[in-house]
Amino acid sequence: MNNIYKSIYNEIKKFKIIYIARHIGPDPDAFGSQMALKKSIKLTFPEKEVYAVGASVSRFKYFGKTDKVENYDYENGLLIVTDTPDNRRVDIDNFLNFKHVIKIDHHPKVDTFGEIEYIKDTASSASELVYNILDNTKLKIDSEIAGDLYAGIVSDTNRFLFNTTNETFDLVSRIIKKYKIDIETLYRKVYAKPLCEVRLMGHIASALKVDKNGFASIEIDDDVIASLGCDLSAVSNMINDFNNINEILVWAFVSFDQKNKLFKVNIRSRGPVINDIAAKYHGGGHKYASGVRTETKENVELLLKELSNACKEFKEGESKDGSN
Ligand SMILES: [Mn+2]
């Protein structure tokens with residue numbers, strides 16, 4: 001047994017109460033890694049209390065329900081956080097009060113938290129890392145657990161467009177075969193979407209502003225989202241669909257989160273690296289898929305300007321390379 005797998009397994013074995021958390025604004029990889037880990041621990045150790053915590057999202061209900069916890073045992077409980085690089089984005093109350101924390105993540109490292117950290121930023125997804133743990137320890141896997149992990153991998157790689165190597169195909173091929181995953185049924189669950197999202201996509205496509213540097217942005221009004229019958233999460237759900245458009249190198253969707261009084265900026269790139277720019281505004285994420293939450297409009301405008309400049313520099317770099 002590899003050391004990291006062994007130490008994670010030993011911790012899980014040791015604790016009676018285990019909480020599993022992931023990032024705010026969860027996506028299928030966050031849910032897949034979280035729920036699969038919970039199901040596996042319960043299957044292997046039925047006597048343990050295991051809670052998957054954080055906001056629930058109705059479109060991801062196929063992963064199962066998250067748990068409501070009234071009183072956390074910060075002293076004696078083990079907290080495992082998946083798919084989250086920074087303190088601020090862990091979706092749990094009083095995160096810093098937990099005494100025992102394990103981190104499982106595939107983002108570039110931001111904050112150190114956790115006595116044990118299993119970080120591999122070349123991995124396709126947090127779900128892949130959870131699979132490695134289950135596959136290399138006595139933690140059990142059944143076809144439901146394998147299906148959750150497959151959904152996380154397929155979704156975080158955008159159906160094997162990003163972060164995908166021969167190892168990823170190797171892994172999913174093994175999962176499909178061993179656990180008899182019916183991928184067509186699974187895709188129908190993962191990719192089913194309401195008509196309001198398609199209508200919102202139409203609105204974004206026609207209203208998106210594209211500048212001469214290849215930077216595209218749109219501020220999506222609350223009223224527009226509401227009038228189409230969508231909620232805020234719909235905006236993040238469709239950002240990847242604007243990839244591979246000739247005229248666009250970087251694209252950003254800005255929306256306003258009324259509940260938290262924050263501007264939410266989703267950013268994607270198929271050219272310049274953007275997570276270092278996002279980090280300047282206390283955002284983060286992957287090199288080409290990042291996000292920022294900020295209180296002020298001024299910050300949003302500065303961020304958009306920097307992203308446009310990054311496109312300009314990227315294009316200049318490219319044309320220089322071309323002339324050699
Ligand atoms: Mn992920």
# chains A, B, ... in the order shown; residues from 1 in each chain; ligands from 1
call {"tool": "residues_near_ligand", "arguments": {"ligand": "ligand 1", "cutoff": "6 Å", "atoms": "only C-alpha atoms and all ligand atoms", "output": "JSON, numbers by chain"}}
result
{"A": [29, 30, 83, 125, 126, 156]}
call {"tool": "residues_around", "arguments": {"residues": "Ile41 (chain A)", "least_positions_apart": "5", "cutoff": "8 Å", "atoms": "only C-alpha atoms", "output": "number ranges by chain"}}
result
A: 12, 46, 48, 50, 139-140
call {"tool": "residues_around", "arguments": {"residues": "region 98-101 of chain A", "least_positions_apart": "5", "cutoff": "8 Å", "atoms": "only C-alpha atoms", "output": "JSON, numbers by chain"}}
result
{"A": [74, 75, 76, 77, 78, 79, 80, 81, 113, 114, 115, 116]}
call {"tool": "closest_residue", "arguments": {"among": "A:Ala205, A:Ile153, A:Leu307, A:Ile104", "to": "Val190 (chain A)", "atoms": "only C-alpha atoms"}}
result
A:Ile153
call {"tool": "closest_residue", "arguments": {"among": "A:Ile245, A:Ser319, A:Val254, A:Asn260", "to": "Val292 (chain A)", "atoms": "only C-alpha atoms"}}
result
A:Val254
call {"tool": "atom_distance", "arguments": {"atom1": "CA of Ile225 (chain A)", "atom2": "CA of Arg159 (chain A)"}}
result
26.5 Å
call {"tool": "residues_around", "arguments": {"residues": "region 31-38 of chain A", "least_positions_apart": "3", "cutoff": "6 Å", "atoms": "only C-alpha atoms", "output": "count of residues only"}}
result
8
call {"tool": "residues_around", "arguments": {"residues": "Ala310 (chain A)", "least_positions_apart": "6", "cutoff": "12 Å", "atoms": "only C-alpha atoms", "output": "MDAnalysis selection string"}}
result
chainID A and resid 213:215 249:251 269:278 303:304 316:317
call {"tool": "residues_around", "arguments": {"residues": "Tyr118 (chain A)", "least_positions_apart": "2", "cutoff": "9 Å", "atoms": "only C-alpha atoms", "output": "list in words"}}
result
Ile4, Tyr5, Ile8, Ile102, Lys103, Ile104, Asp105, His106, Ile116, Lys120 and Leu129 of chain A
call {"tool": "write_last_selection", "arguments": {"atoms": "N, CA and C atoms", "output": "PDB file, in the first residue's frame"}}
result
ATOM      1  N   ILE A   4       0.489   7.309   1.333  1.00  0.00           N
ATOM      2  CA  ILE A   4      -0.601   8.274   1.481  1.00  0.00           C
ATOM      3  C   ILE A   4      -1.949   7.553   1.573  1.00  0.00           C
ATOM      4  N   TYR A   5      -2.127   6.527   0.746  1.00  0.00           N
ATOM      5  CA  TYR A   5      -3.390   5.774   0.800  1.00  0.00           C
ATOM      6  C   TYR A   5      -3.534   5.121   2.172  1.00  0.00           C
ATOM      7  N   ILE A   8      -4.358   7.693   4.939  1.00  0.00           N
ATOM      8  CA  ILE A   8      -5.760   8.131   4.872  1.00  0.00           C
ATOM      9  C   ILE A   8      -6.670   7.017   5.381  1.00  0.00           C
ATOM     10  N   ILE A 102      -8.301  16.095   6.723  1.00  0.00           N
ATOM     11  CA  ILE A 102      -7.579  15.500   5.591  1.00  0.00           C
ATOM     12  C   ILE A 102      -8.031  16.233   4.333  1.00  0.00           C
ATOM     13  N   LYS A 103      -7.079  16.532   3.465  1.00  0.00           N
ATOM     14  CA  LYS A 103      -7.426  17.206   2.211  1.00  0.00           C
ATOM     15  C   LYS A 103      -7.116  16.287   1.030  1.00  0.00           C
ATOM     16  N   ILE A 104      -8.082  16.182   0.125  1.00  0.00           N
ATOM     17  CA  ILE A 104      -7.889  15.399  -1.103  1.00  0.00           C
ATOM     18  C   ILE A 104      -8.222  16.327  -2.268  1.00  0.00           C
ATOM     19  N   ASP A 105      -7.218  16.720  -3.063  1.00  0.00           N
ATOM     20  CA  ASP A 105      -7.500  17.757  -4.057  1.00  0.00           C
ATOM     21  C   ASP A 105      -6.614  17.676  -5.294  1.00  0.00           C
ATOM     22  N   HIS A 106      -7.141  18.162  -6.386  1.00  0.00           N
ATOM     23  CA  HIS A 106      -6.377  18.181  -7.644  1.00  0.00           C
ATOM     24  C   HIS A 106      -6.167  19.602  -8.178  1.00  0.00           C
ATOM     25  N   ILE A 116      -3.091  15.465   6.922  1.00  0.00           N
ATOM     26  CA  ILE A 116      -2.700  14.683   5.757  1.00  0.00           C
ATOM     27  C   ILE A 116      -3.251  15.391   4.526  1.00  0.00           C
ATOM     28  N   LYS A 120      -2.715  16.155  -5.989  1.00  0.00           N
ATOM     29  CA  LYS A 120      -2.059  15.826  -7.258  1.00  0.00           C
ATOM     30  C   LYS A 120      -2.693  16.707  -8.322  1.00  0.00           C
ATOM     31  N   LEU A 129      -8.777  10.854  -7.625  1.00  0.00           N
ATOM     32  CA  LEU A 129      -7.957  10.640  -6.424  1.00  0.00           C
ATOM     33  C   LEU A 129      -8.692   9.770  -5.410  1.00  0.00           C
TER      34      LEU A 129
END
call {"tool": "atom_distance", "arguments": {"atom1": "CA of Thr44 (chain A)", "atom2": "CA of Asp142 (chain A)"}}
result
10.7 Å
call {"tool": "atom_distance", "arguments": {"atom1": "CA of Ala279 (chain A)", "atom2": "CA of Val265 (chain A)"}}
result
12.4 Å
call {"tool": "residues_around", "arguments": {"residues": "region 173-177 of chain A", "least_positions_apart": "4", "cutoff": "10 Å", "atoms": "only C-alpha atoms", "output": "list of chain:residue names"}}
result
A:Tyr131, A:Ser143, A:Ala146, A:Gly147, A:Leu149, A:Tyr150, A:Glu167, A:Thr168, A:Phe169, A:Ile181, A:Asp182, A:Ile183
call {"tool": "closest_residue", "arguments": {"among": "A:Phe256, A:Tyr179, A:Phe63, A:Phe15", "to": "Glu47 (chain A)", "atoms": "only C-alpha atoms"}}
result
A:Phe15
call {"tool": "closest_residue", "arguments": {"among": "A:Gly284, A:Gly291, A:Pro194, A:Gly202", "to": "Asn87 (chain A)", "atoms": "only C-alpha atoms"}}
result
A:Gly284
call {"tool": "select_by_dssp", "arguments": {"residues": "region 109-313 of chain A", "states": "strand (DSSP E or B)", "output": "ChimeraX atom specification"}}
result
/A:116-119,209-210,215-220,250-257,262-269,284-285,289-294
call {"tool": "write_last_selection", "arguments": {"atoms": "C-alpha atoms", "output": "PDB file, in the first residue's frame"}}
result
ATOM      1  CA  ILE A 116      -2.700  14.683   5.757  1.00  0.00           C
ATOM      2  CA  GLU A 117      -2.844  16.232   2.318  1.00  0.00           C
ATOM      3  CA  TYR A 118      -3.217  14.175  -0.831  1.00  0.00           C
ATOM      4  CA  ILE A 119      -2.751  16.685  -3.632  1.00  0.00           C
ATOM      5  CA  LYS A 209     -19.292  41.320 -25.926  1.00  0.00           C
ATOM      6  CA  VAL A 210     -16.065  40.330 -27.656  1.00  0.00           C
ATOM      7  CA  PHE A 215     -11.712  38.616 -24.646  1.00  0.00           C
ATOM      8  CA  ALA A 216     -15.431  38.013 -24.237  1.00  0.00           C
ATOM      9  CA  SER A 217     -17.511  39.083 -21.273  1.00  0.00           C
ATOM     10  CA  ILE A 218     -21.070  39.537 -20.210  1.00  0.00           C
ATOM     11  CA  GLU A 219     -22.762  40.824 -17.114  1.00  0.00           C
ATOM     12  CA  ILE A 220     -25.853  38.768 -16.659  1.00  0.00           C
ATOM     13  CA  VAL A 250     -10.816  34.067 -22.721  1.00  0.00           C
ATOM     14  CA  TRP A 251     -14.409  34.436 -21.623  1.00  0.00           C
ATOM     15  CA  ALA A 252     -15.910  35.661 -18.352  1.00  0.00           C
ATOM     16  CA  PHE A 253     -19.476  35.576 -17.107  1.00  0.00           C
ATOM     17  CA  VAL A 254     -20.321  38.062 -14.369  1.00  0.00           C
ATOM     18  CA  SER A 255     -23.403  37.608 -12.218  1.00  0.00           C
ATOM     19  CA  PHE A 256     -24.505  39.002  -8.886  1.00  0.00           C
ATOM     20  CA  ASP A 257     -25.139  36.727  -5.931  1.00  0.00           C
ATOM     21  CA  LEU A 262     -21.014  39.312  -4.089  1.00  0.00           C
ATOM     22  CA  PHE A 263     -20.192  39.533  -7.764  1.00  0.00           C
ATOM     23  CA  LYS A 264     -19.419  36.105  -9.119  1.00  0.00           C
ATOM     24  CA  VAL A 265     -17.080  35.893 -12.109  1.00  0.00           C
ATOM     25  CA  ASN A 266     -16.675  32.604 -13.965  1.00  0.00           C
ATOM     26  CA  ILE A 267     -13.640  32.594 -16.236  1.00  0.00           C
ATOM     27  CA  ARG A 268     -12.397  30.163 -18.864  1.00  0.00           C
ATOM     28  CA  SER A 269      -9.438  30.343 -21.219  1.00  0.00           C
ATOM     29  CA  GLY A 284      -8.523  30.788  -7.816  1.00  0.00           C
ATOM     30  CA  GLY A 285      -8.939  27.538  -9.639  1.00  0.00           C
ATOM     31  CA  ALA A 289     -10.740  27.450 -15.507  1.00  0.00           C
ATOM     32  CA  SER A 290     -10.993  29.924 -12.665  1.00  0.00           C
ATOM     33  CA  GLY A 291     -13.404  32.023 -10.707  1.00  0.00           C
ATOM     34  CA  VAL A 292     -13.543  35.112  -8.532  1.00  0.00           C
ATOM     35  CA  ARG A 293     -16.048  36.341  -5.965  1.00  0.00           C
ATOM     36  CA  THR A 294     -15.709  39.973  -5.079  1.00  0.00           C
TER      37      THR A 294
END
call {"tool": "closest_residue", "arguments": {"among": "A:Asp111, A:Asp321, A:Asp211, A:Asp73", "to": "Ile248 (chain A)", "atoms": "only C-alpha atoms"}}
result
A:Asp211
call {"tool": "select_by_dssp", "arguments": {"residues": "region 59-277 of chain A", "states": "alpha helix (DSSP H)", "output": "number ranges by chain"}}
result
A: 126-135, 143-156, 166-179, 183-191, 195-207, 222-227, 233-237, 275-277
call {"tool": "write_last_selection", "arguments": {"atoms": "C-alpha atoms", "output": "PDB file, in the first residue's frame"}}
result
ATOM      1  CA  ALA A 126     -10.808  14.808  -7.174  1.00  0.00           C
ATOM      2  CA  SER A 127     -12.941  11.801  -8.081  1.00  0.00           C
ATOM      3  CA  GLU A 128      -9.901  10.158  -9.679  1.00  0.00           C
ATOM      4  CA  LEU A 129      -7.957  10.640  -6.424  1.00  0.00           C
ATOM      5  CA  VAL A 130     -10.782   9.169  -4.357  1.00  0.00           C
ATOM      6  CA  TYR A 131     -10.860   6.200  -6.731  1.00  0.00           C
ATOM      7  CA  ASN A 132      -7.114   5.702  -6.181  1.00  0.00           C
ATOM      8  CA  ILE A 133      -7.653   5.652  -2.419  1.00  0.00           C
ATOM      9  CA  LEU A 134     -10.528   3.163  -2.595  1.00  0.00           C
ATOM     10  CA  ASP A 135      -8.747   1.013  -5.158  1.00  0.00           C
ATOM     11  CA  SER A 143     -21.220   0.048  -8.924  1.00  0.00           C
ATOM     12  CA  GLU A 144     -23.062   3.045  -7.435  1.00  0.00           C
ATOM     13  CA  ILE A 145     -19.837   4.382  -5.905  1.00  0.00           C
ATOM     14  CA  ALA A 146     -17.943   3.741  -9.138  1.00  0.00           C
ATOM     15  CA  GLY A 147     -20.714   5.543 -11.059  1.00  0.00           C
ATOM     16  CA  ASP A 148     -20.407   8.633  -8.828  1.00  0.00           C
ATOM     17  CA  LEU A 149     -16.654   8.720  -9.440  1.00  0.00           C
ATOM     18  CA  TYR A 150     -17.065   8.205 -13.174  1.00  0.00           C
ATOM     19  CA  ALA A 151     -19.551  11.116 -13.274  1.00  0.00           C
ATOM     20  CA  GLY A 152     -17.016  13.316 -11.452  1.00  0.00           C
ATOM     21  CA  ILE A 153     -14.209  12.432 -13.849  1.00  0.00           C
ATOM     22  CA  VAL A 154     -16.289  12.810 -17.011  1.00  0.00           C
ATOM     23  CA  SER A 155     -17.654  16.135 -15.860  1.00  0.00           C
ATOM     24  CA  ASP A 156     -14.405  17.729 -14.627  1.00  0.00           C
ATOM     25  CA  ASN A 166      -3.823   8.008 -21.521  1.00  0.00           C
ATOM     26  CA  GLU A 167      -3.906   7.379 -17.758  1.00  0.00           C
ATOM     27  CA  THR A 168      -7.380   8.915 -17.519  1.00  0.00           C
ATOM     28  CA  PHE A 169      -8.690   6.678 -20.307  1.00  0.00           C
ATOM     29  CA  ASP A 170      -6.968   3.724 -18.728  1.00  0.00           C
ATOM     30  CA  LEU A 171      -8.635   4.442 -15.412  1.00  0.00           C
ATOM     31  CA  VAL A 172     -12.156   4.972 -16.762  1.00  0.00           C
ATOM     32  CA  SER A 173     -11.837   1.918 -18.950  1.00  0.00           C
ATOM     33  CA  ARG A 174     -11.059  -0.147 -15.848  1.00  0.00           C
ATOM     34  CA  ILE A 175     -13.925   1.433 -13.885  1.00  0.00           C
ATOM     35  CA  ILE A 176     -16.473   0.813 -16.648  1.00  0.00           C
ATOM     36  CA  LYS A 177     -15.410  -2.791 -17.069  1.00  0.00           C
ATOM     37  CA  LYS A 178     -15.006  -3.741 -13.432  1.00  0.00           C
ATOM     38  CA  TYR A 179     -18.172  -2.103 -12.109  1.00  0.00           C
ATOM     39  CA  ILE A 183     -22.490   5.087 -19.375  1.00  0.00           C
ATOM     40  CA  GLU A 184     -25.464   6.037 -21.544  1.00  0.00           C
ATOM     41  CA  THR A 185     -27.840   6.062 -18.577  1.00  0.00           C
ATOM     42  CA  LEU A 186     -25.269   7.942 -16.542  1.00  0.00           C
ATOM     43  CA  TYR A 187     -24.739  10.581 -19.250  1.00  0.00           C
ATOM     44  CA  ARG A 188     -28.476  11.163 -19.426  1.00  0.00           C
ATOM     45  CA  LYS A 189     -28.445  12.059 -15.721  1.00  0.00           C
ATOM     46  CA  VAL A 190     -25.314  14.181 -15.887  1.00  0.00           C
ATOM     47  CA  TYR A 191     -26.180  16.081 -19.060  1.00  0.00           C
ATOM     48  CA  LEU A 195     -35.094  24.390 -21.172  1.00  0.00           C
ATOM     49  CA  CYS A 196     -34.558  27.608 -19.189  1.00  0.00           C
ATOM     50  CA  GLU A 197     -30.798  26.958 -19.309  1.00  0.00           C
ATOM     51  CA  VAL A 198     -30.847  26.612 -23.067  1.00  0.00           C
ATOM     52  CA  ARG A 199     -32.775  29.885 -23.268  1.00  0.00           C
ATOM     53  CA  LEU A 200     -30.229  31.546 -20.980  1.00  0.00           C
ATOM     54  CA  MET A 201     -27.451  30.171 -23.167  1.00  0.00           C
ATOM     55  CA  GLY A 202     -29.150  31.797 -26.159  1.00  0.00           C
ATOM     56  CA  HIS A 203     -29.269  35.094 -24.310  1.00  0.00           C
ATOM     57  CA  ILE A 204     -25.589  34.902 -23.391  1.00  0.00           C
ATOM     58  CA  ALA A 205     -24.569  33.911 -26.923  1.00  0.00           C
ATOM     59  CA  SER A 206     -26.320  36.889 -28.444  1.00  0.00           C
ATOM     60  CA  ALA A 207     -25.377  39.487 -25.812  1.00  0.00           C
ATOM     61  CA  ASP A 222     -30.505  38.958 -12.063  1.00  0.00           C
ATOM     62  CA  ASP A 223     -33.768  39.939 -13.690  1.00  0.00           C
ATOM     63  CA  VAL A 224     -32.836  38.195 -16.924  1.00  0.00           C
ATOM     64  CA  ILE A 225     -31.924  34.992 -15.101  1.00  0.00           C
ATOM     65  CA  ALA A 226     -35.134  35.113 -13.071  1.00  0.00           C
ATOM     66  CA  SER A 227     -37.357  35.992 -16.029  1.00  0.00           C
ATOM     67  CA  SER A 233     -25.983  28.188 -10.700  1.00  0.00           C
ATOM     68  CA  ALA A 234     -27.217  27.914 -14.310  1.00  0.00           C
ATOM     69  CA  VAL A 235     -24.592  30.482 -15.303  1.00  0.00           C
ATOM     70  CA  SER A 236     -21.705  28.345 -14.076  1.00  0.00           C
ATOM     71  CA  ASN A 237     -23.231  25.239 -15.609  1.00  0.00           C
ATOM     72  CA  ASN A 275      -5.613  31.499 -12.358  1.00  0.00           C
ATOM     73  CA  ASP A 276      -2.762  33.819 -11.363  1.00  0.00           C
ATOM     74  CA  ILE A 277      -4.897  36.785 -12.435  1.00  0.00           C
TER      75      ILE A 277
END
call {"tool": "closest_residue", "arguments": {"among": "A:Glu318, A:Asp241, A:Asp231, A:Asp86", "to": "Lys259 (chain A)", "atoms": "only C-alpha atoms"}}
result
A:Asp231
